[in-house]
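*Asks:* Next up, query07.pdb (PDB, C-alpha atoms).
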```
ATOM      1  CA  MET A1287     -12.808 -16.265  13.279
ATOM      2  CA  LYS A1288      -9.999 -14.239  11.733
ATOM      3  CA  LEU A1289     -11.199 -10.677  12.302
ATOM      4  CA  VAL A1290      -9.773  -7.248  11.503
ATOM      5  CA  ILE A1291     -11.378  -4.027  12.768
ATOM      6  CA  MET A1292     -10.686  -0.957  10.628
ATOM      7  CA  ASP A1293     -11.256   2.749  10.861
ATOM      8  CA  ARG A1294     -12.895   4.272   7.769
ATOM      9  CA  ASP A1295     -11.951   7.904   7.049
ATOM     10  CA  GLY A1296      -8.228   8.299   6.450
ATOM     11  CA  THR A1297      -7.687   4.536   6.502
ATOM     12  CA  ILE A1298      -9.915   3.230   3.695
ATOM     13  CA  ASN A1299     -10.952   6.501   2.054
ATOM     14  CA  ALA A1300      -9.681  10.062   1.859
ATOM     15  CA  ASP A1301     -10.495  12.054   4.984
ATOM     16  CA  SER A1302     -11.857  15.596   4.944
ATOM     17  CA  GLU A1303     -11.827  18.387   7.501
ATOM     18  CA  GLU A1304     -15.280  19.205   6.083
ATOM     19  CA  PHE A1305     -16.465  15.591   6.677
ATOM     20  CA  VAL A1306     -17.359  13.015   4.037
ATOM     21  CA  LYS A1307     -21.053  13.861   3.631
ATOM     22  CA  SER A1308     -22.126  12.164   0.398
ATOM     23  CA  PRO A1309     -21.237   9.238  -1.869
ATOM     24  CA  GLU A1310     -19.650  11.714  -4.286
ATOM     25  CA  GLU A1311     -17.251  12.853  -1.542
ATOM     26  CA  TRP A1312     -16.280   9.278  -0.626
ATOM     27  CA  VAL A1313     -13.053   8.452  -2.473
ATOM     28  CA  PRO A1314     -11.081   5.301  -1.651
ATOM     29  CA  LEU A1315      -7.364   5.645  -0.947
ATOM     30  CA  PRO A1316      -5.125   3.996  -3.558
ATOM     31  CA  GLY A1317      -4.947   0.255  -2.937
ATOM     32  CA  ALA A1318      -7.200   0.316   0.142
ATOM     33  CA  LEU A1319     -10.115  -1.620  -1.337
ATOM     34  CA  GLU A1320      -7.703  -4.080  -2.910
ATOM     35  CA  ALA A1321      -6.146  -4.571   0.545
ATOM     36  CA  ILE A1322      -9.535  -5.439   2.057
ATOM     37  CA  ALA A1323     -10.265  -7.858  -0.796
ATOM     38  CA  LYS A1324      -6.831  -9.442  -0.302
ATOM     39  CA  LEU A1325      -7.574  -9.934   3.399
ATOM     40  CA  ASN A1326     -10.964 -11.453   2.524
ATOM     41  CA  HIS A1327      -9.364 -13.823   0.007
ATOM     42  CA  ASN A1328      -7.062 -15.000   2.791
ATOM     43  CA  GLY A1329      -9.955 -15.783   5.138
ATOM     44  CA  TRP A1330     -10.173 -12.531   7.123
ATOM     45  CA  HIS A1331     -13.465 -10.942   8.134
ATOM     46  CA  VAL A1332     -13.365  -7.132   8.053
ATOM     47  CA  VAL A1333     -15.499  -4.859  10.213
ATOM     48  CA  ILE A1334     -15.415  -1.059  10.307
ATOM     49  CA  ALA A1335     -15.558   1.009  13.507
ATOM     50  CA  THR A1336     -15.923   4.691  12.630
ATOM     51  CA  ASN A1337     -16.747   7.976  14.334
ATOM     52  CA  GLN A1338     -19.358   9.818  12.261
ATOM     53  CA  SER A1339     -19.987  12.982  14.267
ATOM     54  CA  GLY A1340     -21.250  14.684  11.100
ATOM     55  CA  LEU A1341     -24.546  12.950  11.896
ATOM     56  CA  GLY A1342     -24.745  14.539  15.346
ATOM     57  CA  ARG A1343     -23.673  17.891  13.898
ATOM     58  CA  GLY A1344     -26.489  17.748  11.324
ATOM     59  CA  LEU A1345     -24.080  17.810   8.345
ATOM     60  CA  PHE A1346     -25.628  14.696   6.808
ATOM     61  CA  ASP A1347     -28.292  12.137   7.683
ATOM     62  CA  VAL A1348     -28.427   8.353   8.015
ATOM     63  CA  VAL A1349     -29.749   8.042   4.446
ATOM     64  CA  SER A1350     -26.597   9.766   3.161
ATOM     65  CA  LEU A1351     -24.367   7.638   5.401
ATOM     66  CA  ASN A1352     -26.062   4.487   4.105
ATOM     67  CA  ALA A1353     -25.542   5.697   0.521
ATOM     68  CA  ILE A1354     -21.831   6.253   1.237
ATOM     69  CA  HIS A1355     -21.556   2.749   2.647
ATOM     70  CA  ALA A1356     -23.508   1.282  -0.278
ATOM     71  CA  LYS A1357     -20.948   2.852  -2.642
ATOM     72  CA  MET A1358     -18.119   1.377  -0.553
ATOM     73  CA  HIS A1359     -19.735  -2.096  -0.512
ATOM     74  CA  LYS A1360     -20.322  -1.988  -4.282
ATOM     75  CA  ALA A1361     -16.733  -0.923  -5.006
ATOM     76  CA  LEU A1362     -15.432  -3.718  -2.773
ATOM     77  CA  ALA A1363     -17.718  -6.307  -4.372
ATOM     78  CA  ALA A1364     -16.329  -5.373  -7.800
ATOM     79  CA  LEU A1365     -12.918  -6.486  -6.470
ATOM     80  CA  GLY A1366     -14.255  -9.648  -4.861
ATOM     81  CA  GLY A1367     -14.118  -8.111  -1.381
ATOM     82  CA  ARG A1368     -16.626  -7.470   1.359
ATOM     83  CA  LEU A1369     -17.191  -5.900   4.737
ATOM     84  CA  ASP A1370     -18.956  -8.000   7.338
ATOM     85  CA  ALA A1371     -20.354  -4.953   9.152
ATOM     86  CA  VAL A1372     -20.023  -1.218   9.681
ATOM     87  CA  PHE A1373     -20.356   0.086  13.243
ATOM     88  CA  TYR A1374     -20.501   3.849  13.679
ATOM     89  CA  CYS A1375     -20.781   6.404  16.450
ATOM     90  CA  PRO A1376     -23.151   9.245  15.453
ATOM     91  CA  HIS A1377     -22.306  11.438  18.451
ATOM     92  CA  THR A1378     -20.359  14.688  18.686
ATOM     93  CA  PRO A1379     -17.333  15.004  20.977
ATOM     94  CA  ASP A1380     -19.483  16.943  23.466
ATOM     95  CA  ASP A1381     -22.099  14.175  23.809
ATOM     96  CA  GLY A1382     -19.986  12.155  26.239
ATOM     97  CA  CYS A1383     -21.046   8.792  24.798
ATOM     98  CA  ALA A1384     -19.235   5.510  25.357
ATOM     99  CA  CYS A1385     -19.017   4.634  21.659
ATOM    100  CA  ARG A1386     -16.975   7.572  20.323
ATOM    101  CA  LYS A1387     -13.346   6.666  19.805
ATOM    102  CA  PRO A1388     -11.004   6.880  21.767
ATOM    103  CA  ARG A1389     -13.543   5.153  24.044
ATOM    104  CA  SER A1390     -13.951   1.448  23.390
ATOM    105  CA  GLY A1391     -17.763   1.222  23.080
ATOM    106  CA  LEU A1392     -17.848   0.501  19.328
ATOM    107  CA  PHE A1393     -15.316  -2.280  19.800
ATOM    108  CA  GLU A1394     -17.305  -3.750  22.668
ATOM    109  CA  GLN A1395     -20.424  -3.688  20.457
ATOM    110  CA  ILE A1396     -18.502  -5.534  17.721
ATOM    111  CA  GLY A1397     -17.278  -8.185  20.152
ATOM    112  CA  GLU A1398     -20.767  -8.693  21.587
ATOM    113  CA  ARG A1399     -22.550  -8.751  18.233
ATOM    114  CA  LEU A1400     -20.078 -11.189  16.676
ATOM    115  CA  GLY A1401     -19.564 -13.231  19.839
ATOM    116  CA  VAL A1402     -15.793 -12.735  19.609
ATOM    117  CA  ASP A1403     -13.186 -12.091  22.277
ATOM    118  CA  LEU A1404     -11.277  -9.076  20.923
ATOM    119  CA  ARG A1405      -8.009  -9.852  22.699
ATOM    120  CA  GLY A1406      -5.325  -9.870  20.028
ATOM    121  CA  VAL A1407      -7.681  -8.926  17.181
ATOM    122  CA  PRO A1408      -5.784  -6.574  14.836
ATOM    123  CA  THR A1409      -7.252  -3.096  14.582
ATOM    124  CA  VAL A1410      -5.983  -0.503  12.125
ATOM    125  CA  GLY A1411      -6.502   3.232  11.845
ATOM    126  CA  ASP A1412      -4.849   6.520  10.998
ATOM    127  CA  SER A1413      -5.003   8.205  14.409
ATOM    128  CA  ALA A1414      -4.023   7.583  18.001
ATOM    129  CA  ARG A1415      -7.676   7.652  19.093
ATOM    130  CA  ASP A1416      -8.517   4.770  16.727
ATOM    131  CA  LEU A1417      -5.772   2.676  18.289
ATOM    132  CA  GLN A1418      -6.513   3.750  21.867
ATOM    133  CA  ALA A1419     -10.113   2.553  21.473
ATOM    134  CA  GLY A1420      -9.031  -0.792  20.060
ATOM    135  CA  ALA A1421      -6.284  -1.301  22.629
ATOM    136  CA  ALA A1422      -8.756  -0.572  25.460
ATOM    137  CA  ALA A1423     -10.832  -3.499  24.136
ATOM    138  CA  GLY A1424      -7.765  -5.749  23.946
ATOM    139  CA  CYS A1425      -7.049  -5.367  20.234
ATOM    140  CA  GLU A1426      -3.588  -5.342  18.657
ATOM    141  CA  PRO A1427      -2.977  -1.757  17.401
ATOM    142  CA  HIS A1428      -1.759  -1.004  13.866
ATOM    143  CA  LEU A1429      -1.250   2.490  12.454
ATOM    144  CA  VAL A1430      -1.355   3.337   8.753
ATOM    145  CA  LEU A1431       0.544   6.446   7.677
ATOM    146  CA  THR A1432      -2.371   7.750   5.629
ATOM    147  CA  GLY A1433      -5.080  10.267   6.543
ATOM    148  CA  LYS A1434      -4.300  12.027   9.822
ATOM    149  CA  ALA A1435      -1.084  10.009  10.310
ATOM    150  CA  GLY A1436       0.209  10.922   6.844
ATOM    151  CA  ALA A1437       2.134  13.822   8.367
ATOM    152  CA  TRP A1438       4.106  11.291  10.443
ATOM    153  CA  ARG A1439       5.685   9.411   7.523
ATOM    154  CA  GLU A1440       9.133  10.749   8.440
ATOM    155  CA  GLU A1441       8.721  10.714  12.226
ATOM    156  CA  GLY A1442       7.060   7.305  12.743
ATOM    157  CA  THR A1443       4.371   7.114  15.400
ATOM    158  CA  PRO A1444       2.198  10.075  16.480
ATOM    159  CA  PRO A1445       1.919  10.848  20.200
ATOM    160  CA  GLY A1446      -0.759   8.959  22.106
ATOM    161  CA  CYS A1447      -0.468   5.672  20.202
ATOM    162  CA  PRO A1448      -0.280   2.572  22.394
ATOM    163  CA  PRO A1449       3.345   1.544  22.997
ATOM    164  CA  ASP A1450       3.014  -1.733  21.043
ATOM    165  CA  THR A1451       1.657  -0.050  17.891
ATOM    166  CA  VAL A1452       2.887  -1.541  14.608
ATOM    167  CA  VAL A1453       3.294   1.095  11.865
ATOM    168  CA  HIS A1454       2.553   0.479   8.163
ATOM    169  CA  LEU A1455       2.830   2.728   5.136
ATOM    170  CA  ASP A1456      -0.777   2.086   4.058
ATOM    171  CA  LEU A1457      -3.617  -0.428   4.233
ATOM    172  CA  MET A1458      -2.038  -2.729   1.625
ATOM    173  CA  ALA A1459       1.189  -2.883   3.658
ATOM    174  CA  PHE A1460      -0.923  -3.743   6.727
ATOM    175  CA  ALA A1461      -2.783  -6.506   4.837
ATOM    176  CA  GLU A1462       0.461  -7.968   3.493
ATOM    177  CA  PHE A1463       1.950  -7.906   7.011
ATOM    178  CA  LEU A1464      -0.997  -9.869   8.482
ATOM    179  CA  ILE A1465      -0.994 -12.414   5.672
ATOM    180  CA  ALA A1466       2.791 -12.918   5.833
ATOM    181  CA  ARG A1467       2.716 -13.245   9.627
ATOM    182  CA  GLU A1468      -0.018 -15.859   9.420
ATOM    183  CA  MET A1469       1.872 -17.828   6.750
ATOM    184  CA  LEU A1470       5.033 -17.746   8.864
ATOM    185  CA  ALA A1471       3.101 -18.975  11.902
ATOM    186  CA  ARG A1472       1.675 -21.860   9.854
ATOM    187  CA  GLN A1473       5.145 -22.836   8.609
ATOM    188  CA  THR A1474       6.501 -22.751  12.148
ATOM    189  CA  ILE A1475       3.723 -25.032  13.402
ATOM    190  CA  ALA A1476       3.829 -27.457  10.450
ATOM    191  CA  PRO A1477       5.710 -30.741  11.142
TER     192      PRO A1477
END
```
With the file now loaded, output its structure as structure tokens.
*Replies:*
Amino acid sequence: MKLVIMDRDGTINADSEEFVKSPEEWVPLPGALEAIAKLNHNGWHVVIATNQSGLGRGLFDVVSLNAIHAKMHKALAALGGRLDAVFYCPHTPDDGCACRKPRSGLFEQIGERLGVDLRGVPTVGDSARDLQAGAAAGCEPHLVLTGKAGAWREEGTPPGCPPDTVVHLDLMAFAEFLIAREMLARQTIAP
């Protein structure tokens, strides 16, 4: 299975210091949904791993989170794209759970649920903690310079990213990188 694990806020949609609490506040980043659809059209399965501490803080409820995700699924479907699953951590930073990124619990849940070894699976996000969580589960870390990492467009990689992090301008650049790399690998193997 060709699998990609993505962060949500700041990677697929605009992030907010006030949290994305409703479908109206969920706004996709330019080209992000098209990037997911492009990955899908090239045989990739896409799963989201996202911290949603607004639930634990009482800023929104599961009904609102489901409505946000329904909007995201509908917008993707209109482009011929899809998400295979959305895994989220509802806990606050003070809860000490195993699923809140930078811990790897969400990734471990994804691997178990899908029956996939996560070693080498590309994971993409806009913060060091997204990549730390994926790397701890064996994933290949990719940073997009959107959301929290947008301030690093001139500098490159924020502190705390795994040393083998690959940096991309945005989610479309990430998708094009994966597709091109796969095509190159196929050409190299072909007789």
*Asks:* Assuming the chain letters and numbering stay as they are in my file, what does the PyMOL selection byres ((chain A and resi 1310) around 12) actually select? List them as a list of chain:residue names.
*Replies:* A:Asn1299, A:Ala1300, A:Val1306, A:Lys1307, A:Ser1308, A:Pro1309, A:Glu1311, A:Trp1312, A:Val1313, A:Pro1314, A:Ser1350, A:Leu1351, A:Ala1353, A:Ile1354, A:His1355, A:Ala1356, A:Lys1357, A:Met1358
*Asks:* Determine the residue set returned by the PyMOL selection byres ((chain A and resi 1337) around 8) for the present structure, and present it as a ChimeraX atom specification.
*Replies:* /A:1335-1336,1338-1339,1374-1377,1386-1387
*Asks:* Expressed in Å to a single decimal, how great is the separation between CA of His1359 in chain A and CA of Trp1330 in chain A?
*Replies:* 16.1 Å
*Asks:* Taking the file as shown, find all residues satisfying the PyMOL selection byres ((chain A and resi 1461-1477) around 10) and write them as a list in words.
*Replies:*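 Here the PyMOL selection byres ((chain A and resi 1461-1477) around 10) matches Val1290, Ala1318, Glu1320, Ala1321, Ile1322, Ala1323, Lys1324, Leu1325, Asn1326, Asn1328, Gly1329, Trp1330, Pro1408, Val1410, Val1452, His1454, Asp1456, Leu1457, Met1458, Ala1459 and Phe1460 of chain A.
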*Asks:* With only C-alpha atoms as the counted atoms, please give the residues lying no more than 12 Å from Gly1401 in chain A, apart from itself and same-chain residues fewer than 6 positions off, as a PyMOL selection string.
*Replies:* chain A and resi 1287+1289+1393-1395
*Asks:* Select, from A:Ile1291, A:Ala1435, A:Cys1447, A:Leu1341, the residue with the minimum atom-to-atom distance to Leu1417 in chain A, counting all atoms listed in the file.
*Replies:*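 Between A:Ile1291, A:Ala1435, A:Cys1447, A:Leu1341, the residue approaching Leu1417 in chain A most closely is A:Cys1447.
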*Asks:* Name the residues, using the chain letters and numbers of the file, that sit within 7 Å of (-3.3, 5.3, 11.7) when counting all atoms listed in the file, and give them as JSON, numbers by chain.
*Replies:* {"A": [1297, 1410, 1411, 1412, 1413, 1414, 1428, 1429, 1430, 1431, 1432, 1435]}
*Asks:* Find, counting only C-alpha atoms, the residue in A:Val1402, A:Val1333, A:Val1348, A:Ala1423 that gets nearest to Pro1388 in chain A.
*Replies:*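 Of all the options, A:Ala1423 lies closest to Pro1388 in chain A.
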*Asks:* CA of Met1292 in chain A and CA of Val1453 in chain A, how far apart in Å?
*Replies:*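 Atom-to-atom, CA of Val1453 in chain A and CA of Met1292 in chain A are spaced 14.2 Å apart.
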*Asks:* Rounded to one decimal, what separation in Å do you get between CA of Gly1433 in chain A and CA of Asp1301 in chain A?
*Replies:*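 Here the two named atoms are 5.9 Å from each other.
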